[in-house]
Amino acid sequence: MSMHLKYMLMASALIAAPAMAQDRNAGQNAGLQDIVVTAQRREENLQKAALAVSAVAGDTLVKQSVTQATDLSRLVPALQVAPAASFTQIYMRGIGSFGANAFAEQGVAFNLDGIYLSRPAAPAALFYDLERIEALKGPQGTLYGRNASGGALNVITAKPKLGETSGFVNAEYGNYNAFKSSAAVNLALGEQWAARLSGQYARHDGYMSDGYDDENTGALRGQVKFDNRAGINATLMLDYGHVGGKGSGGTIMPLIGNGRLGPSDPAVVAAYLGKSPTAPVPQITAKGDGFQDNSYYGAALTANADLGFATLTVIPAWRKTDLNFLSYASSFLIRDIEKSRQGSVEARLANRSGAVNWVAGAYWFNEHVDANQRYDQGSNGLQVNSLLDTQSLAAFGQATVTLAPTFRVTGGLRYTDDRKQQATNFTTMPFVGFVSPGTGNFTPIFATIPAVATTDIHFRKATWKAGVEYDVAPRSLLYASVATGFKSGALYAASGQNYSAPENLTAYTIGSKNRFLDNRLQLNVEAFWWDYRNQQISHLGPVQVATTPGGAVYAPVFLTENAGGAKLYGIEAEVLFKPTPNDLLTADIQWLHARYKTFGYYAYSSSGATPAAGCAVSPTSRIAATAGAAIFSVDCSGRPLVNAPDWTINLAYEHKFDLAGGANLTFGADTRIQSASYVSIDYLPDGRQGAYTTSNARLAYEPAGGRYTLTAFVNNIEDTKVFSASFQSPVKNGVLYNQLRAPRTFGIRGSLRF
């Protein structure tokens with residue numbers, strides 16, 4: 001039996017889908033609960049929203065022990081989230097970015113309560129006291145704008161509630177000395193005011209043998225809400241988070257079969273030193289001194305005023321991210337001190353009455369990044385000191401017109417002007433040889449190649465959306481749309497060409513959302529076809545640093561360049577079935593075909609040896625900065641996109657047992673089945689994640705009244721080793737370091753509500 005057929009049979013065995021967004025009391029009702037989302041900048045029923053969006057309720061995040069962005073991968077099939085040192089990589093159906101330095105930006109927009117957070121490190125210390133998470137699939141260029149070419153991930157916090165004093169405390173303890181806790185208190189402050197204070201602390205020992213892959217996160221969030229109950233309301237939010245610990249780790253392949261050996265484990269160090277080139281060529285090996293000391297600060301005001309003909313919403317926001325970390329996760333030393341500040345204001349008018357529902361607005365964004373980054377690879381080093389500035393202005397509008405009681409059309413347009421500037425001093429230090437001072441000792445010689453990168457450039461783009469929707473029945477919606485998105489051009493350190501062009505994506509979607517069987521069966525199906533052009537890839541490659549009579553001279557720098565285009569198409573089915581008030585079956589099945597039409601880039605080889613890649617490699621005439629080095633052309637056309645498995649299937653079942661006296665016992669289990677995929681653009685066998693299955697289970701007791709819940713749980717029952725990222729050593733050809741998702745974890749959780 002083929003793997004594809006096996007997956008299809010397993011999927012058809014369960015008629016179900018994302019119960020993830022059902023609220024905690026869904027099992028007490030005969031039918032499925034309605035979910036309210038704000039994916040289109042207005043509140044609407046998820047089943048009435050004519051776009052591809054999945055919602056995960058805050059209560060589900062607690063049940064799944066989600067405390068950081070990388071935990072989200074197991075909840076939404078279209079989503080893959082992976083670490084890169086202290087940064088976070090978000091991929092939606094293979095569209096995303098390898099964000100690993102101060103120049104990087106995401107290809108999937110990350111938003112907190114409607115506020116775009118630009119830094120790849122920003123999705124940290126936020127995953128507590130949440131109302132829900134929304135995953136929007138496909139380009140969101142009209143309402144979300146820049147850097148939403150692959151989609152958007154919206155984190156929605158729980159808001160203060162007027163006239164209510166309530167709260168909760170969650171505490172969890174498990175293996176790896178894990179302790180996770182979160183709490184919130186909601187206070188009524190008269191008839192028009194309310195406040196909410198919430199916090200989180202999460203820690204566990206390292207999953208790797210040397211203590212890496214640990215967690216140490218603390219966060220606080222305070223909110224105050226005013227509502228005059230006559231059309232004017234405002235919510236002020238202040239938050240702070242800190243991420244510490246040793247940070248992520250990686251292990252040399254193929255030693256992954258020997259366990260979770262960290263980068264400084266003696267076995268990993270010995271294996272690394274044994275790979276060519278060996279001593280006396282200078283070597284950098286991982287130590288146990290890696291750390292994170294990252295702080296996050298935010299302030300935002302969301303104000304709404306009913307003007308009669310429309311509602312005015314104004315959202316001024318400020319964000320500060322201070323990174324200070326040392327990492328060996330990718331086989332070499334990365335030392336980064338980065339301070340970024342962003343400010344933004346969005347103002348929009350929205351009307352929902354009559355035959356035309358419309359929203360129109362303007363957006364201003366400003367960011368300043370001061371970064372000091374050092375990369376030491378032993379026989380090659382790089383120091384990058386950058387001042388980076390981004391200013392963005394946009395105007396947008398979208399309207400849905402009712403042409404008949406059951407038929408509507410939608411059109412939207414956005415114009416964005418991004419201005420990016422840099423003043424970067426960088427020095428490459430490639431190894432060129434040895435000298436003997438007559439003592440018998442070898443002294444390494446490094447070439448010191450200083451360069452300056454300055455940029456002042458605008459990236460301008462109009463993005464649009466057109467769609468139709470038809471109510472086939474009161475609980476059946478059919479929709480189709482064409483939408484475009486773009487990711488702004490990226491800067492990098494080079495004295496010559498030092499920026500890439502924007503990437504663009506056009507998505508064609510047809511979908512259907514349905515409820516059947518007296519509101520007990522939900523079936524949502526989406527078919528999509530995406531045209532992806534000018535993809536930006538980030539990798540270690542050659543950039544111009546000098547000019548000689550023979551031509552331009554190139555040295556290795558981590559750069560972002562346009563590498564080709566791809567076609568993606570597939571189908572996703574979300575089914576949810578509630579045969580009885582006490583049973584819930586769910587399934588979310590995605591089939592994805594994502595292949596490059598064209599994909600080529602340049603690779604720098606310090607030794608002159610042909611780079612290791614699962615693609616066609618050929619030499620070029622480009623001049624390398626040091627003798628013996630060479631520059632090659634790599635052509636990966638026809639290969640699949642990274643982080644884009646053909647099949648992803650999430651299955652789940654939950655049953656509530658009614659006990660005497662009004663108490664209940666709930667059993668829940670879920671599994672994720674994923675076909676093979678690559679996790680790096682090297683396309684080497686060690687960078688390929690094979691097909692796998694990971695499953696979770698939990699048993700929860702709740703007494704009459706529901707004041708508290710006691711839960712026993714186990715995640716990744718199979719203890720499957722799943723690659724989250726892979727990176728090839730810049731100086732040891734073909735040597736890969738892979739990072740891993742969490743191993744088997746288990747423990748107990750207590751939740752108290754008041």
# chains A, B, ... in the order shown; residues from 1 in each chain; ligands from 1
>>> select_by_dssp(residues="range 69-226 of chain A", states="strand (DSSP E or B)", output="VMD selection string")
chain A and resid 79 to 84 87 to 92 95 to 96 108 to 112 115 to 116 130 to 137 151 to 157 166 to 174 178 to 188 193 to 204 215 to 226
>>> closest_atom_pairs(of="range 263-307 of chain A", to="range 319-343 of chain A", cutoff="9 Å", atoms="only C-alpha atoms", output="tab-separated table")
residue	atom	partner	partner_atom	distance
A:Pro263	CA	A:Ala329	CA	6.7
A:Ser264	CA	A:Tyr328	CA	8.3
A:Tyr272	CA	A:Ser331	CA	8.5
A:Ile284	CA	A:Phe332	CA	6.4
A:Thr285	CA	A:Phe332	CA	6.8
A:Ala286	CA	A:Tyr328	CA	5.7
A:Lys287	CA	A:Tyr328	CA	7.8
A:Asp289	CA	A:Leu326	CA	7.8
A:Gly290	CA	A:Leu326	CA	5.0
A:Phe291	CA	A:Leu326	CA	5.4
A:Gln292	CA	A:Phe325	CA	4.4
A:Asp293	CA	A:Asn324	CA	5.2
A:Asn294	CA	A:Leu323	CA	4.5
A:Ser295	CA	A:Asp322	CA	5.2
A:Tyr296	CA	A:Thr321	CA	4.7
A:Tyr297	CA	A:Lys320	CA	5.1
A:Gly298	CA	A:Arg319	CA	4.5
A:Ala299	CA	A:Arg319	CA	6.6
A:Ala300	CA	A:Arg319	CA	8.5
>>> residues_around(residues="Leu136 in chain A", least_positions_apart="4", cutoff="10 Å", atoms="only C-alpha atoms", output="PyMOL selection string")
chain A and resi 39-40+51-55+78-79+92+108-109+140+148+150-154
>>> residues_around(residues="Gly211 in chain A", least_positions_apart="4", cutoff="10 Å", atoms="only C-alpha atoms", output="MDAnalysis selection string")
chainID A and resid 204:207 245:249 261:265 288 290
>>> residues_around(residues="Thr463 in chain A", least_positions_apart="6", cutoff="8 Å", atoms="only C-alpha atoms", output="ChimeraX atom specification")
/A:141-142,145,413-415,483-486
>>> write_last_selection(atoms="N, CA and C atoms", output="compact mmCIF listing (two decimals), in the first residue's frame")
# COMPACT_ATOMS: atom_id res chain seq x y z
N GLY A 141 -2.46 40.90 1.24
CA GLY A 141 -1.90 42.18 0.87
C GLY A 141 -2.82 43.36 1.05
N THR A 142 -4.14 43.14 1.05
CA THR A 142 -5.07 44.27 1.13
C THR A 142 -5.23 44.79 2.55
N GLY A 145 -1.10 44.02 4.29
CA GLY A 145 -0.03 44.76 3.64
C GLY A 145 1.28 44.02 3.51
N LEU A 413 -8.03 47.01 -2.36
CA LEU A 413 -6.80 47.56 -2.94
C LEU A 413 -5.97 48.19 -1.84
N ARG A 414 -4.65 48.02 -1.93
CA ARG A 414 -3.73 48.63 -0.99
C ARG A 414 -2.51 49.11 -1.76
N TYR A 415 -2.03 50.29 -1.38
CA TYR A 415 -0.78 50.80 -1.95
C TYR A 415 0.21 51.02 -0.82
N ALA A 483 -6.16 36.89 -4.89
CA ALA A 483 -5.53 37.86 -3.99
C ALA A 483 -4.04 37.91 -4.26
N THR A 484 -3.45 39.08 -4.03
CA THR A 484 -2.02 39.25 -4.23
C THR A 484 -1.38 39.74 -2.93
N GLY A 485 -0.10 39.46 -2.80
CA GLY A 485 0.66 39.93 -1.66
C GLY A 485 2.11 40.13 -2.05
N PHE A 486 2.83 40.90 -1.25
CA PHE A 486 4.25 41.08 -1.53
C PHE A 486 5.02 41.18 -0.24
>>> select_by_dssp(residues="range 81-325 of chain A", states="alpha helix (DSSP H)", output="PyMOL selection string")
chain A and resi 266-273
>>> write_last_selection(atoms="N, CA, C and O atoms", output="PDB file, in the first residue's frame")
ATOM      1  N   PRO A 266      30.666  15.985  23.966  1.00  0.00           N
ATOM      2  CA  PRO A 266      31.981  15.518  23.491  1.00  0.00           C
ATOM      3  C   PRO A 266      31.904  14.686  22.218  1.00  0.00           C
ATOM      4  O   PRO A 266      32.784  14.790  21.349  1.00  0.00           O
ATOM      5  N   ALA A 267      30.868  13.872  22.063  1.00  0.00           N
ATOM      6  CA  ALA A 267      30.745  13.046  20.858  1.00  0.00           C
ATOM      7  C   ALA A 267      30.511  13.911  19.627  1.00  0.00           C
ATOM      8  O   ALA A 267      31.039  13.632  18.540  1.00  0.00           O
ATOM      9  N   VAL A 268      29.713  14.972  19.766  1.00  0.00           N
ATOM     10  CA  VAL A 268      29.447  15.872  18.647  1.00  0.00           C
ATOM     11  C   VAL A 268      30.702  16.668  18.301  1.00  0.00           C
ATOM     12  O   VAL A 268      31.058  16.826  17.122  1.00  0.00           O
ATOM     13  N   VAL A 269      31.412  17.164  19.312  1.00  0.00           N
ATOM     14  CA  VAL A 269      32.641  17.931  19.074  1.00  0.00           C
ATOM     15  C   VAL A 269      33.670  17.062  18.363  1.00  0.00           C
ATOM     16  O   VAL A 269      34.325  17.492  17.403  1.00  0.00           O
ATOM     17  N   ALA A 270      33.832  15.806  18.825  1.00  0.00           N
ATOM     18  CA  ALA A 270      34.808  14.917  18.204  1.00  0.00           C
ATOM     19  C   ALA A 270      34.449  14.632  16.750  1.00  0.00           C
ATOM     20  O   ALA A 270      35.324  14.607  15.870  1.00  0.00           O
ATOM     21  N   ALA A 271      33.163  14.420  16.481  1.00  0.00           N
ATOM     22  CA  ALA A 271      32.735  14.159  15.107  1.00  0.00           C
ATOM     23  C   ALA A 271      32.989  15.373  14.219  1.00  0.00           C
ATOM     24  O   ALA A 271      33.407  15.241  13.062  1.00  0.00           O
ATOM     25  N   TYR A 272      32.758  16.560  14.767  1.00  0.00           N
ATOM     26  CA  TYR A 272      32.976  17.785  13.998  1.00  0.00           C
ATOM     27  C   TYR A 272      34.462  17.970  13.686  1.00  0.00           C
ATOM     28  O   TYR A 272      34.842  18.270  12.553  1.00  0.00           O
ATOM     29  N   LEU A 273      35.312  17.789  14.680  1.00  0.00           N
ATOM     30  CA  LEU A 273      36.745  17.980  14.475  1.00  0.00           C
ATOM     31  C   LEU A 273      37.320  16.957  13.500  1.00  0.00           C
ATOM     32  O   LEU A 273      38.344  17.216  12.854  1.00  0.00           O
TER      33      LEU A 273
END
>>> atom_distance(atom1="CA of Gly750 in chain A", atom2="CA of Thr60 in chain A")
14.5 Å
>>> closest_atom_pairs(of="range 161-190 of chain A", to="range 219-231 of chain A", cutoff="10 Å", atoms="only C-alpha atoms", output="JSON lines")
{"residue": "A:Lys161", "atom": "CA", "partner": "A:Lys225", "partner_atom": "CA", "distance": 8.0}
{"residue": "A:Leu162", "atom": "CA", "partner": "A:Lys225", "partner_atom": "CA", "distance": 8.0}
{"residue": "A:Ser182", "atom": "CA", "partner": "A:Ala219", "partner_atom": "CA", "distance": 9.3}
{"residue": "A:Ala183", "atom": "CA", "partner": "A:Leu220", "partner_atom": "CA", "distance": 9.7}
{"residue": "A:Ala184", "atom": "CA", "partner": "A:Arg221", "partner_atom": "CA", "distance": 9.2}
{"residue": "A:Val185", "atom": "CA", "partner": "A:Gly222", "partner_atom": "CA", "distance": 9.9}
{"residue": "A:Asn186", "atom": "CA", "partner": "A:Gln223", "partner_atom": "CA", "distance": 9.4}
{"residue": "A:Leu187", "atom": "CA", "partner": "A:Val224", "partner_atom": "CA", "distance": 9.5}
{"residue": "A:Ala188", "atom": "CA", "partner": "A:Lys225", "partner_atom": "CA", "distance": 9.8}
{"residue": "A:Leu189", "atom": "CA", "partner": "A:Lys225", "partner_atom": "CA", "distance": 9.5}
>>> write_last_selection(atoms="N, CA and C atoms", output="PDB file, in the first residue's frame")
ATOM      1  N   LYS A 161     -13.136  42.593  30.847  1.00  0.00           N
ATOM      2  CA  LYS A 161     -14.585  42.506  30.725  1.00  0.00           C
ATOM      3  C   LYS A 161     -15.235  43.422  31.750  1.00  0.00           C
ATOM      4  N   LEU A 162     -16.142  44.263  31.287  1.00  0.00           N
ATOM      5  CA  LEU A 162     -16.834  45.186  32.178  1.00  0.00           C
ATOM      6  C   LEU A 162     -17.757  44.423  33.119  1.00  0.00           C
ATOM      7  N   SER A 182       0.507  30.081  34.352  1.00  0.00           N
ATOM      8  CA  SER A 182      -0.067  31.319  33.838  1.00  0.00           C
ATOM      9  C   SER A 182      -1.261  31.683  34.708  1.00  0.00           C
ATOM     10  N   ALA A 183      -1.543  32.960  34.786  1.00  0.00           N
ATOM     11  CA  ALA A 183      -2.642  33.421  35.633  1.00  0.00           C
ATOM     12  C   ALA A 183      -3.169  34.737  35.094  1.00  0.00           C
ATOM     13  N   ALA A 184      -4.411  35.024  35.423  1.00  0.00           N
ATOM     14  CA  ALA A 184      -5.019  36.289  35.036  1.00  0.00           C
ATOM     15  C   ALA A 184      -6.100  36.654  36.032  1.00  0.00           C
ATOM     16  N   VAL A 185      -6.286  37.951  36.239  1.00  0.00           N
ATOM     17  CA  VAL A 185      -7.370  38.447  37.074  1.00  0.00           C
ATOM     18  C   VAL A 185      -8.033  39.601  36.339  1.00  0.00           C
ATOM     19  N   ASN A 186      -9.351  39.555  36.279  1.00  0.00           N
ATOM     20  CA  ASN A 186     -10.160  40.594  35.644  1.00  0.00           C
ATOM     21  C   ASN A 186     -10.894  41.367  36.742  1.00  0.00           C
ATOM     22  N   LEU A 187     -10.753  42.685  36.748  1.00  0.00           N
ATOM     23  CA  LEU A 187     -11.334  43.516  37.798  1.00  0.00           C
ATOM     24  C   LEU A 187     -12.321  44.510  37.199  1.00  0.00           C
ATOM     25  N   ALA A 188     -13.528  44.560  37.771  1.00  0.00           N
ATOM     26  CA  ALA A 188     -14.506  45.574  37.394  1.00  0.00           C
ATOM     27  C   ALA A 188     -14.203  46.854  38.167  1.00  0.00           C
ATOM     28  N   LEU A 189     -14.045  47.956  37.449  1.00  0.00           N
ATOM     29  CA  LEU A 189     -13.734  49.250  38.071  1.00  0.00           C
ATOM     30  C   LEU A 189     -14.865  50.219  37.770  1.00  0.00           C
TER      31      LEU A 189
END
>>> residues_around(residues="Asp531 in chain A", least_positions_apart="6", cutoff="7 Å", atoms="only C-alpha atoms", output="MDAnalysis selection string")
chainID A and resid 505:507 566:568
>>> residues_around(residues="Leu387 in chain A", least_positions_apart="4", cutoff="6 Å", atoms="only C-alpha atoms", output="VMD selection string")
chain A and resid 369 to 370 422 to 423
>>> atom_distance(atom1="CA of Thr235 in chain A", atom2="CA of Val314 in chain A")
10.9 Å
>>> closest_residue(among="A:Glu131, A:Asp670, A:Glu164, A:Asp686", to="Asn715 in chain A", atoms="only C-alpha atoms")
A:Asp670
>>> closest_residue(among="A:Asn664, A:Asn562, A:Asn111, A:Ser512", to="Thr157 in chain A", atoms="only C-alpha atoms")
A:Asn111
>>> closest_residue(among="A:Phe632, A:Tyr176, A:Tyr470, A:Phe657", to="Ile510 in chain A", atoms="only C-alpha atoms")
A:Tyr470
